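See below for the structure under consideration.
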Amino acid sequence: MSKEDAIPPGWSYNPASWQQRLPIVIAALVGFAIATYLGLFQLKVIDTVWEPFFGNGSRKILTSKTSQILPVPDAVLGAIGYLVDALAGVIGGIRRWRTMPWIVIAFGLAVGPLGFVSVLLVVLQPVMYDAWCTLCLSTALISVVMIGPAMDEMLASLQYMKRVKDARVSMWKAFWGYKEVQGKVI
Amino acid sequence: MWAQVINAILGIWLMASAAILGYSNIKIITDNEHIAGPVIASFAIISWWEATRVVRLYNVPLGLWLLLAPWVLGYDNTTATVNSMLVGALVTGLSFVKGKVEETYGGGWSAIWKSDSMHAREAKRQPRVDLDK
């Protein structure tokens, strides 16, 4: 592990470097912006929604029963999801795969389900409502694109947790990044 | 990676093909394509990255399903049948194309539960420096 790049053992690069993480954070922020816009439409703060291809599609999807199934409109929940992803992507330094596995694993777990729900909603649009919504499809694409690049960092953290386990160091303390276990396991 | 780019495009093509090829009035065919399409595209996109390249294999059963779907669901439209089988064959074949993996990942996903994997061996050899940061 060289001092500058904090590369995990057995890796050829550091998945927690800023160059690796920033694109995901930017994607999450774009997703957040679009979802906020759609959420404002659903909350009736704005009364039109941009739809270049599918005519009445966006309106149909965004006012559908499925989108109102929870007390909060689905785009608002999406916006919160993207914000959580962006925050989880930005917290911690380039050694965070080892110094704070909890945030890396939370990041991976936040990106996964958001992507899954997005794909589910893409399937429901034409199957249940016979309509498409351009911006909803765009946010779904963003959440799917984020999955791959977030997973490598989670892999590095999970491998670290495995080494912690094999060294019989407290996994609880290592997971939360307690100072007293820092350096016991590489 | 090119193979998974093509699979992603094929998935998106499935989403659009009913409207383009003109059988969007047949609900069972369009529903099948509108479900399989986004899922295939998603798995393909996730496998663009080397660390998650293995996800491409999830598209093998989906590709095989597209080959069978016209017979199982009883498509009565030749264009849709040919489209489904052609896309199914391509997706299945391309899912097996691994492509280049240039980086190393400490032994990959199986190294999370296997002992004596690459990351564990490498960690033992490394000097303990810079660990208090």
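By convention in this document, the chains of the structure tokens carry letters A, B, ... by their order, each chain's residues are numbered from 1, and ligands are numbered from 1 in the order they are shown.
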Sorted by chain and rising residue number, list the residues of chain A at most 6 Å from chain B (counting only C-alpha atoms), each with its closest atom pair and distance in Å to one decimal, as a Markdown table.
```
| residue | atom | partner | partner_atom | distance |
| --- | --- | --- | --- | --- |
| A:Pro9 | CA | B:His119 | CA | 5.1 |
| A:Gly10 | CA | B:Gly106 | CA | 4.0 |
| A:Trp11 | CA | B:Tyr105 | CA | 4.8 |
| A:Ser12 | CA | B:Thr104 | CA | 5.2 |
| A:Val123 | CA | B:Ile35 | CA | 5.3 |
| A:Val127 | CA | B:Asp31 | CA | 5.5 |
| A:Gly148 | CA | B:Ile46 | CA | 5.0 |
| A:Asp152 | CA | B:Ala51 | CA | 5.5 |
| A:Gln159 | CA | B:Ile112 | CA | 5.1 |
| A:Lys162 | CA | B:Ile112 | CA | 5.8 |
| A:Gly183 | CA | B:Leu131 | CA | 4.6 |
| A:Ile186 | CA | B:Ala123 | CA | 5.9 |
```
Atoms kept (N, CA and C atoms) for selection, written as a short mmCIF file (atom, residue, chain, number, x, y, z; two decimals), in the first residue's frame:
```cif
data_model
loop_
_atom_site.label_atom_id
_atom_site.label_comp_id
_atom_site.auth_asym_id
_atom_site.auth_seq_id
_atom_site.Cartn_x
_atom_site.Cartn_y
_atom_site.Cartn_z
N PRO A 9 -4.87 -4.33 -1.02
CA PRO A 9 -3.97 -5.42 -1.39
C PRO A 9 -4.58 -6.31 -2.47
N GLY A 10 -3.77 -6.63 -3.46
CA GLY A 10 -4.25 -7.49 -4.54
C GLY A 10 -5.01 -6.74 -5.62
N TRP A 11 -5.07 -5.42 -5.50
CA TRP A 11 -5.77 -4.61 -6.51
C TRP A 11 -4.76 -3.84 -7.36
N SER A 12 -5.18 -3.46 -8.56
CA SER A 12 -4.29 -2.68 -9.42
C SER A 12 -4.62 -1.19 -9.35
N VAL A 123 -40.50 -1.02 -16.16
CA VAL A 123 -41.32 -2.12 -16.65
C VAL A 123 -42.81 -1.80 -16.47
N VAL A 127 -46.43 -1.63 -19.27
CA VAL A 127 -47.25 -2.81 -19.01
C VAL A 127 -48.57 -2.43 -18.34
N GLY A 148 -22.61 -0.45 -11.33
CA GLY A 148 -21.30 -1.05 -11.59
C GLY A 148 -20.16 -0.34 -10.88
N ASP A 152 -17.36 -1.93 -7.10
CA ASP A 152 -15.95 -2.32 -6.92
C ASP A 152 -15.44 -1.86 -5.55
N GLN A 159 -13.78 -7.43 1.15
CA GLN A 159 -12.54 -8.22 1.26
C GLN A 159 -11.77 -7.82 2.52
N LYS A 162 -13.33 -9.45 5.42
CA LYS A 162 -12.94 -10.87 5.46
C LYS A 162 -11.56 -11.02 6.14
N GLY A 183 -5.13 -0.30 11.58
CA GLY A 183 -3.76 -0.74 11.44
C GLY A 183 -3.53 -2.17 11.89
N ILE A 186 -4.44 -4.98 7.39
CA ILE A 186 -4.28 -4.16 6.19
C ILE A 186 -5.46 -4.41 5.26
#
```
Write out as a CSV table (one decimal) with all heavy atoms, in the first residue's frame the residues lying within 12 Å of Asn56 of chain A, counting only C-alpha atoms and excluding same-chain residues fewer than 3 positions away.
```csv
chain,number,residue,atom,x,y,z
A,48,THR,N,-46.9,21.9,-15.4
A,48,THR,CA,-46.6,21.1,-16.6
A,48,THR,C,-45.3,20.3,-16.4
A,48,THR,O,-44.5,20.7,-15.6
A,48,THR,CB,-46.4,22.1,-17.8
A,48,THR,OG1,-45.5,23.1,-17.4
A,48,THR,CG2,-47.7,22.7,-18.2
A,49,VAL,N,-45.2,19.3,-17.2
A,49,VAL,CA,-44.0,18.5,-17.2
A,49,VAL,C,-43.4,18.3,-18.6
A,49,VAL,O,-44.2,18.1,-19.5
A,49,VAL,CB,-44.2,17.2,-16.4
A,49,VAL,CG1,-45.2,16.3,-17.2
A,49,VAL,CG2,-42.9,16.4,-16.2
A,50,TRP,N,-42.1,18.4,-18.7
A,50,TRP,CA,-41.5,18.4,-20.0
A,50,TRP,C,-41.5,17.0,-20.6
A,50,TRP,O,-41.1,16.0,-19.9
A,50,TRP,CB,-40.0,18.8,-19.9
A,50,TRP,CG,-39.2,18.9,-21.1
A,50,TRP,CD1,-39.4,19.9,-22.1
A,50,TRP,CD2,-38.2,18.1,-21.6
A,50,TRP,NE1,-38.5,19.7,-23.1
A,50,TRP,CE2,-37.7,18.6,-22.8
A,50,TRP,CE3,-37.5,16.9,-21.0
A,50,TRP,CZ2,-36.7,18.0,-23.5
A,50,TRP,CZ3,-36.5,16.4,-21.8
A,50,TRP,CH2,-36.1,16.9,-23.0
A,51,GLU,N,-42.1,16.8,-21.8
A,51,GLU,CA,-42.2,15.5,-22.4
A,51,GLU,C,-42.0,15.6,-23.9
A,51,GLU,O,-42.9,15.9,-24.6
A,51,GLU,CB,-43.5,14.9,-22.1
A,51,GLU,CG,-43.8,13.5,-22.7
A,51,GLU,CD,-42.6,12.5,-22.6
A,51,GLU,OE1,-42.5,11.9,-21.5
A,51,GLU,OE2,-41.8,12.3,-23.5
A,52,PRO,N,-40.8,15.4,-24.5
A,52,PRO,CA,-40.5,15.6,-25.9
A,52,PRO,C,-41.0,14.5,-26.8
A,52,PRO,O,-41.2,14.7,-28.0
A,52,PRO,CB,-39.0,15.7,-25.9
A,52,PRO,CG,-38.5,14.9,-24.8
A,52,PRO,CD,-39.6,15.0,-23.7
A,53,PHE,N,-41.2,13.2,-26.3
A,53,PHE,CA,-41.4,12.1,-27.2
A,53,PHE,C,-42.8,11.5,-27.1
A,53,PHE,O,-43.4,11.0,-28.1
A,53,PHE,CB,-40.4,11.0,-27.1
A,53,PHE,CG,-39.0,11.5,-27.2
A,53,PHE,CD1,-38.1,11.5,-26.2
A,53,PHE,CD2,-38.5,12.0,-28.4
A,53,PHE,CE1,-36.8,12.0,-26.3
A,53,PHE,CE2,-37.2,12.5,-28.6
A,53,PHE,CZ,-36.4,12.4,-27.5
A,59,ARG,N,-47.3,12.8,-18.0
A,59,ARG,CA,-48.4,13.2,-17.1
A,59,ARG,C,-49.1,11.9,-16.6
A,59,ARG,O,-49.4,11.8,-15.5
A,59,ARG,CB,-49.3,14.1,-17.9
A,59,ARG,CG,-50.5,14.6,-17.1
A,59,ARG,CD,-51.3,15.7,-17.9
A,59,ARG,NE,-50.5,16.9,-18.1
A,59,ARG,CZ,-50.5,17.9,-17.2
A,59,ARG,NH1,-51.2,17.8,-16.1
A,59,ARG,NH2,-49.8,19.0,-17.4
A,60,LYS,N,-49.4,11.0,-17.6
A,60,LYS,CA,-50.1,9.8,-17.3
A,60,LYS,C,-49.3,8.9,-16.2
A,60,LYS,O,-49.9,8.5,-15.2
A,60,LYS,CB,-50.2,8.9,-18.6
A,60,LYS,CG,-51.5,8.2,-18.7
A,60,LYS,CD,-51.6,7.7,-20.2
A,60,LYS,CE,-52.5,6.5,-20.3
A,60,LYS,NZ,-52.5,6.0,-21.7
A,61,ILE,N,-48.0,8.8,-16.4
A,61,ILE,CA,-47.2,8.0,-15.5
A,61,ILE,C,-47.1,8.7,-14.1
A,61,ILE,O,-47.2,8.1,-13.1
A,61,ILE,CB,-45.8,7.8,-16.1
A,61,ILE,CG1,-45.8,7.0,-17.4
A,61,ILE,CG2,-44.8,7.2,-15.1
A,61,ILE,CD1,-46.4,5.6,-17.2
A,62,LEU,N,-46.8,10.0,-14.2
A,62,LEU,CA,-46.6,10.7,-12.9
A,62,LEU,C,-47.8,10.9,-12.1
A,62,LEU,O,-47.7,11.2,-10.9
A,62,LEU,CB,-45.9,12.0,-13.2
A,62,LEU,CG,-44.5,11.9,-13.8
A,62,LEU,CD1,-44.0,13.3,-14.3
A,62,LEU,CD2,-43.5,11.4,-12.7
A,63,THR,N,-49.0,10.8,-12.7
A,63,THR,CA,-50.2,10.9,-11.9
A,63,THR,C,-50.9,9.5,-11.7
A,63,THR,O,-52.0,9.5,-11.2
A,63,THR,CB,-51.2,11.9,-12.6
A,63,THR,OG1,-51.4,11.4,-13.9
A,63,THR,CG2,-50.7,13.3,-12.6
A,129,TYR,N,-49.7,1.0,-17.8
A,129,TYR,CA,-50.3,2.3,-18.2
A,129,TYR,C,-50.2,2.6,-19.7
A,129,TYR,O,-50.7,3.6,-20.1
A,129,TYR,CB,-49.7,3.4,-17.3
A,129,TYR,CG,-50.0,3.2,-15.9
A,129,TYR,CD1,-48.9,2.8,-15.0
A,129,TYR,CD2,-51.2,3.3,-15.3
A,129,TYR,CE1,-49.2,2.5,-13.7
A,129,TYR,CE2,-51.5,3.1,-14.0
A,129,TYR,CZ,-50.4,2.7,-13.2
A,129,TYR,OH,-50.7,2.4,-11.9
A,130,ASP,N,-49.5,1.7,-20.4
A,130,ASP,CA,-49.4,1.8,-21.8
A,130,ASP,C,-48.8,3.2,-22.2
A,130,ASP,O,-49.3,3.9,-23.1
A,130,ASP,CB,-50.7,1.6,-22.5
A,130,ASP,CG,-50.5,1.3,-24.0
A,130,ASP,OD1,-49.4,0.8,-24.4
A,130,ASP,OD2,-51.5,1.5,-24.8
A,131,ALA,N,-47.8,3.7,-21.4
A,131,ALA,CA,-47.3,5.0,-21.6
A,131,ALA,C,-45.8,5.0,-21.2
A,131,ALA,O,-45.4,4.1,-20.5
A,131,ALA,CB,-48.0,6.0,-20.9
A,132,TRP,N,-45.0,5.9,-21.7
A,132,TRP,CA,-43.6,6.1,-21.3
A,132,TRP,C,-43.5,7.5,-20.8
A,132,TRP,O,-44.2,8.4,-21.2
A,132,TRP,CB,-42.7,5.9,-22.5
A,132,TRP,CG,-42.7,4.6,-23.2
A,132,TRP,CD1,-43.3,4.3,-24.4
A,132,TRP,CD2,-42.0,3.4,-22.7
A,132,TRP,NE1,-43.0,3.0,-24.7
A,132,TRP,CE2,-42.2,2.4,-23.7
A,132,TRP,CE3,-41.2,3.1,-21.6
A,132,TRP,CZ2,-41.7,1.1,-23.6
A,132,TRP,CZ3,-40.7,1.8,-21.5
A,132,TRP,CH2,-40.9,0.9,-22.5
A,133,CYS,N,-42.4,7.7,-20.0
A,133,CYS,CA,-42.1,9.0,-19.5
A,133,CYS,C,-40.6,9.3,-19.7
A,133,CYS,O,-39.8,8.5,-19.1
A,133,CYS,CB,-42.6,9.1,-18.0
A,133,CYS,SG,-41.8,10.2,-17.0
A,134,THR,N,-40.3,10.2,-20.5
A,134,THR,CA,-38.9,10.4,-20.9
A,134,THR,C,-38.0,10.6,-19.7
A,134,THR,O,-36.9,10.0,-19.6
A,134,THR,CB,-38.8,11.6,-21.9
A,134,THR,OG1,-39.6,11.4,-23.0
A,134,THR,CG2,-37.3,11.7,-22.4
```
Counting only C-alpha atoms, what is within 12 Å of Gly92 of chain A, bar same-chain residues fewer than 4 positions away, as number ranges by chain? A: 16-18, 21, 87-88, 96-104, 107, 177; B: 133
List the spatial neighbours of Gly88 of chain B as a list in words - criterion: any atom at most 12 Å away, only C-alpha atoms, same-chain residues fewer than 6 positions off excluded.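 Residues near the query, excluding close chain neighbours: Asn7, Leu10, Gly11, Trp13, Leu14, Glu33, Ala36, Gly37, Ile40, Asn59, Val60, Pro61, Leu62, Gly63, Leu64, Trp65, Leu66, Leu67, Leu68, Ala69, Pro70, Ala80, Thr81, Val82, Leu94 and Ser95 of chain B.
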Do a neighbour search on Ala75 of chain A at 6 Å with only C-alpha atoms, toss out local chain neighbours closer than 3 positions, and write the hits as a list in words.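 Listing them by chain and then by number gives Ala35, Leu38, Gly39 and Gly78 of chain A.
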Using backbone DSSP assignments, extract all alpha helix (DSSP H) residues from segment 1-67 of chain A; output them as a PDB file with N, CA, C and O atoms, in the first residue's frame.
```pdb
ATOM      1  N   TRP A  18     -10.816   9.605  -5.718  1.00  0.00           N
ATOM      2  CA  TRP A  18     -11.817  10.601  -6.146  1.00  0.00           C
ATOM      3  C   TRP A  18     -12.158  10.465  -7.611  1.00  0.00           C
ATOM      4  O   TRP A  18     -13.300  10.664  -8.016  1.00  0.00           O
ATOM      5  N   GLN A  19     -11.159  10.087  -8.381  1.00  0.00           N
ATOM      6  CA  GLN A  19     -11.368   9.900  -9.808  1.00  0.00           C
ATOM      7  C   GLN A  19     -12.401   8.785 -10.060  1.00  0.00           C
ATOM      8  O   GLN A  19     -13.149   8.822 -11.027  1.00  0.00           O
ATOM      9  N   GLN A  20     -12.437   7.806  -9.153  1.00  0.00           N
ATOM     10  CA  GLN A  20     -13.421   6.729  -9.263  1.00  0.00           C
ATOM     11  C   GLN A  20     -14.786   7.150  -8.723  1.00  0.00           C
ATOM     12  O   GLN A  20     -15.818   6.740  -9.238  1.00  0.00           O
ATOM     13  N   ARG A  21     -14.776   7.951  -7.657  1.00  0.00           N
ATOM     14  CA  ARG A  21     -16.029   8.256  -6.974  1.00  0.00           C
ATOM     15  C   ARG A  21     -16.768   9.466  -7.524  1.00  0.00           C
ATOM     16  O   ARG A  21     -18.003   9.480  -7.522  1.00  0.00           O
ATOM     17  N   LEU A  22     -16.028  10.467  -7.989  1.00  0.00           N
ATOM     18  CA  LEU A  22     -16.690  11.705  -8.426  1.00  0.00           C
ATOM     19  C   LEU A  22     -17.728  11.501  -9.541  1.00  0.00           C
ATOM     20  O   LEU A  22     -18.821  12.069  -9.454  1.00  0.00           O
ATOM     21  N   PRO A  23     -17.411  10.674 -10.586  1.00  0.00           N
ATOM     22  CA  PRO A  23     -18.430  10.494 -11.626  1.00  0.00           C
ATOM     23  C   PRO A  23     -19.748   9.948 -11.071  1.00  0.00           C
ATOM     24  O   PRO A  23     -20.822  10.349 -11.519  1.00  0.00           O
ATOM     25  N   ILE A  24     -19.659   9.059 -10.061  1.00  0.00           N
ATOM     26  CA  ILE A  24     -20.893   8.498  -9.488  1.00  0.00           C
ATOM     27  C   ILE A  24     -21.655   9.588  -8.743  1.00  0.00           C
ATOM     28  O   ILE A  24     -22.880   9.679  -8.820  1.00  0.00           O
ATOM     29  N   VAL A  25     -20.902  10.424  -8.004  1.00  0.00           N
ATOM     30  CA  VAL A  25     -21.538  11.508  -7.246  1.00  0.00           C
ATOM     31  C   VAL A  25     -22.230  12.477  -8.201  1.00  0.00           C
ATOM     32  O   VAL A  25     -23.373  12.888  -7.965  1.00  0.00           O
ATOM     33  N   ILE A  26     -21.559  12.786  -9.318  1.00  0.00           N
ATOM     34  CA  ILE A  26     -22.152  13.703 -10.297  1.00  0.00           C
ATOM     35  C   ILE A  26     -23.420  13.087 -10.897  1.00  0.00           C
ATOM     36  O   ILE A  26     -24.461  13.748 -10.999  1.00  0.00           O
ATOM     37  N   ALA A  27     -23.342  11.785 -11.246  1.00  0.00           N
ATOM     38  CA  ALA A  27     -24.527  11.100 -11.783  1.00  0.00           C
ATOM     39  C   ALA A  27     -25.677  11.164 -10.778  1.00  0.00           C
ATOM     40  O   ALA A  27     -26.820  11.442 -11.142  1.00  0.00           O
ATOM     41  N   ALA A  28     -25.358  10.943  -9.493  1.00  0.00           N
ATOM     42  CA  ALA A  28     -26.403  10.968  -8.463  1.00  0.00           C
ATOM     43  C   ALA A  28     -27.015  12.358  -8.353  1.00  0.00           C
ATOM     44  O   ALA A  28     -28.231  12.493  -8.171  1.00  0.00           O
ATOM     45  N   LEU A  29     -26.187  13.388  -8.488  1.00  0.00           N
ATOM     46  CA  LEU A  29     -26.715  14.755  -8.388  1.00  0.00           C
ATOM     47  C   LEU A  29     -27.617  15.094  -9.579  1.00  0.00           C
ATOM     48  O   LEU A  29     -28.638  15.769  -9.414  1.00  0.00           O
ATOM     49  N   VAL A  30     -27.240  14.608 -10.774  1.00  0.00           N
ATOM     50  CA  VAL A  30     -28.104  14.811 -11.945  1.00  0.00           C
ATOM     51  C   VAL A  30     -29.437  14.092 -11.719  1.00  0.00           C
ATOM     52  O   VAL A  30     -30.511  14.656 -11.954  1.00  0.00           O
ATOM     53  N   GLY A  31     -29.358  12.855 -11.215  1.00  0.00           N
ATOM     54  CA  GLY A  31     -30.573  12.104 -10.893  1.00  0.00           C
ATOM     55  C   GLY A  31     -31.421  12.847  -9.878  1.00  0.00           C
ATOM     56  O   GLY A  31     -32.647  12.934 -10.008  1.00  0.00           O
ATOM     57  N   PHE A  32     -30.771  13.415  -8.885  1.00  0.00           N
ATOM     58  CA  PHE A  32     -31.474  14.175  -7.852  1.00  0.00           C
ATOM     59  C   PHE A  32     -32.206  15.373  -8.463  1.00  0.00           C
ATOM     60  O   PHE A  32     -33.374  15.631  -8.139  1.00  0.00           O
ATOM     61  N   ALA A  33     -31.527  16.084  -9.366  1.00  0.00           N
ATOM     62  CA  ALA A  33     -32.137  17.267  -9.983  1.00  0.00           C
ATOM     63  C   ALA A  33     -33.378  16.876 -10.790  1.00  0.00           C
ATOM     64  O   ALA A  33     -34.441  17.496 -10.653  1.00  0.00           O
ATOM     65  N   ILE A  34     -33.254  15.827 -11.607  1.00  0.00           N
ATOM     66  CA  ILE A  34     -34.394  15.415 -12.438  1.00  0.00           C
ATOM     67  C   ILE A  34     -35.549  14.921 -11.556  1.00  0.00           C
ATOM     68  O   ILE A  34     -36.707  15.294 -11.752  1.00  0.00           O
ATOM     69  N   ALA A  35     -35.218  14.084 -10.557  1.00  0.00           N
ATOM     70  CA  ALA A  35     -36.266  13.537  -9.690  1.00  0.00           C
ATOM     71  C   ALA A  35     -36.953  14.646  -8.899  1.00  0.00           C
ATOM     72  O   ALA A  35     -38.166  14.594  -8.673  1.00  0.00           O
ATOM     73  N   THR A  36     -36.195  15.663  -8.490  1.00  0.00           N
ATOM     74  CA  THR A  36     -36.795  16.788  -7.774  1.00  0.00           C
ATOM     75  C   THR A  36     -37.807  17.508  -8.661  1.00  0.00           C
ATOM     76  O   THR A  36     -38.926  17.813  -8.240  1.00  0.00           O
ATOM     77  N   TYR A  37     -37.414  17.718  -9.932  1.00  0.00           N
ATOM     78  CA  TYR A  37     -38.308  18.371 -10.891  1.00  0.00           C
ATOM     79  C   TYR A  37     -39.612  17.568 -11.041  1.00  0.00           C
ATOM     80  O   TYR A  37     -40.718  18.114 -10.958  1.00  0.00           O
ATOM     81  N   LEU A  38     -39.459  16.231 -11.228  1.00  0.00           N
ATOM     82  CA  LEU A  38     -40.648  15.388 -11.379  1.00  0.00           C
ATOM     83  C   LEU A  38     -41.481  15.373 -10.096  1.00  0.00           C
ATOM     84  O   LEU A  38     -42.711  15.372 -10.145  1.00  0.00           O
ATOM     85  N   GLY A  39     -40.783  15.381  -8.957  1.00  0.00           N
ATOM     86  CA  GLY A  39     -41.481  15.392  -7.668  1.00  0.00           C
ATOM     87  C   GLY A  39     -42.272  16.676  -7.473  1.00  0.00           C
ATOM     88  O   GLY A  39     -43.399  16.642  -6.966  1.00  0.00           O
ATOM     89  N   LEU A  40     -41.716  17.800  -7.917  1.00  0.00           N
ATOM     90  CA  LEU A  40     -42.429  19.080  -7.791  1.00  0.00           C
ATOM     91  C   LEU A  40     -43.705  19.067  -8.631  1.00  0.00           C
ATOM     92  O   LEU A  40     -44.744  19.609  -8.227  1.00  0.00           O
ATOM     93  N   PHE A  41     -43.621  18.403  -9.805  1.00  0.00           N
ATOM     94  CA  PHE A  41     -44.832  18.268 -10.620  1.00  0.00           C
ATOM     95  C   PHE A  41     -45.871  17.415  -9.888  1.00  0.00           C
ATOM     96  O   PHE A  41     -47.055  17.758  -9.837  1.00  0.00           O
ATOM     97  N   GLN A  42     -45.396  16.315  -9.296  1.00  0.00           N
ATOM     98  CA  GLN A  42     -46.332  15.430  -8.589  1.00  0.00           C
ATOM     99  C   GLN A  42     -46.960  16.106  -7.379  1.00  0.00           C
ATOM    100  O   GLN A  42     -48.089  15.817  -7.008  1.00  0.00           O
ATOM    101  N   GLY A  57     -47.585  11.006 -22.142  1.00  0.00           N
ATOM    102  CA  GLY A  57     -47.017   9.904 -21.361  1.00  0.00           C
ATOM    103  C   GLY A  57     -46.556  10.273 -19.968  1.00  0.00           C
ATOM    104  O   GLY A  57     -46.934   9.634 -18.986  1.00  0.00           O
ATOM    105  N   SER A  58     -45.742  11.322 -19.872  1.00  0.00           N
ATOM    106  CA  SER A  58     -45.195  11.692 -18.562  1.00  0.00           C
ATOM    107  C   SER A  58     -46.296  12.010 -17.569  1.00  0.00           C
ATOM    108  O   SER A  58     -46.271  11.573 -16.422  1.00  0.00           O
ATOM    109  N   ARG A  59     -47.278  12.776 -18.033  1.00  0.00           N
ATOM    110  CA  ARG A  59     -48.383  13.157 -17.140  1.00  0.00           C
ATOM    111  C   ARG A  59     -49.124  11.916 -16.646  1.00  0.00           C
ATOM    112  O   ARG A  59     -49.416  11.772 -15.469  1.00  0.00           O
ATOM    113  N   LYS A  60     -49.372  11.001 -17.589  1.00  0.00           N
ATOM    114  CA  LYS A  60     -50.082   9.765 -17.273  1.00  0.00           C
ATOM    115  C   LYS A  60     -49.321   8.948 -16.210  1.00  0.00           C
ATOM    116  O   LYS A  60     -49.902   8.473 -15.243  1.00  0.00           O
ATOM    117  N   ILE A  61     -48.008   8.827 -16.423  1.00  0.00           N
ATOM    118  CA  ILE A  61     -47.188   8.019 -15.508  1.00  0.00           C
ATOM    119  C   ILE A  61     -47.089   8.702 -14.141  1.00  0.00           C
ATOM    120  O   ILE A  61     -47.240   8.082 -13.095  1.00  0.00           O
ATOM    121  N   LEU A  62     -46.839   9.993 -14.165  1.00  0.00           N
ATOM    122  CA  LEU A  62     -46.560  10.701 -12.909  1.00  0.00           C
ATOM    123  C   LEU A  62     -47.805  10.916 -12.060  1.00  0.00           C
ATOM    124  O   LEU A  62     -47.704  11.213 -10.874  1.00  0.00           O
TER     125      LEU A  62
END
```
What is the distance between atom CA of Ile94 of chain A and atom CA of Val181 of chain A, in Å to one decimal?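 Atom CA of Val181 of chain A lies at a distance of 18.2 Å from atom CA of Ile94 of chain A.
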Using only C-alpha atoms, determine which residues lie at most 12 Å from Met171 of chain A, disregarding the query and same-chain residues fewer than 3 positions distant; provide the list as a PyMOL selection string. chain A and resi 98+100-102+157-158+160-168+174-178+181-182+184-185
Coordinates-based distance that separates atom CA of Leu109 of chain A from atom CA of Tyr13 of chain A (Å, one decimal):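 Going from atom CA of Tyr13 of chain A over to atom CA of Leu109 of chain A, I get 22.0 Å.
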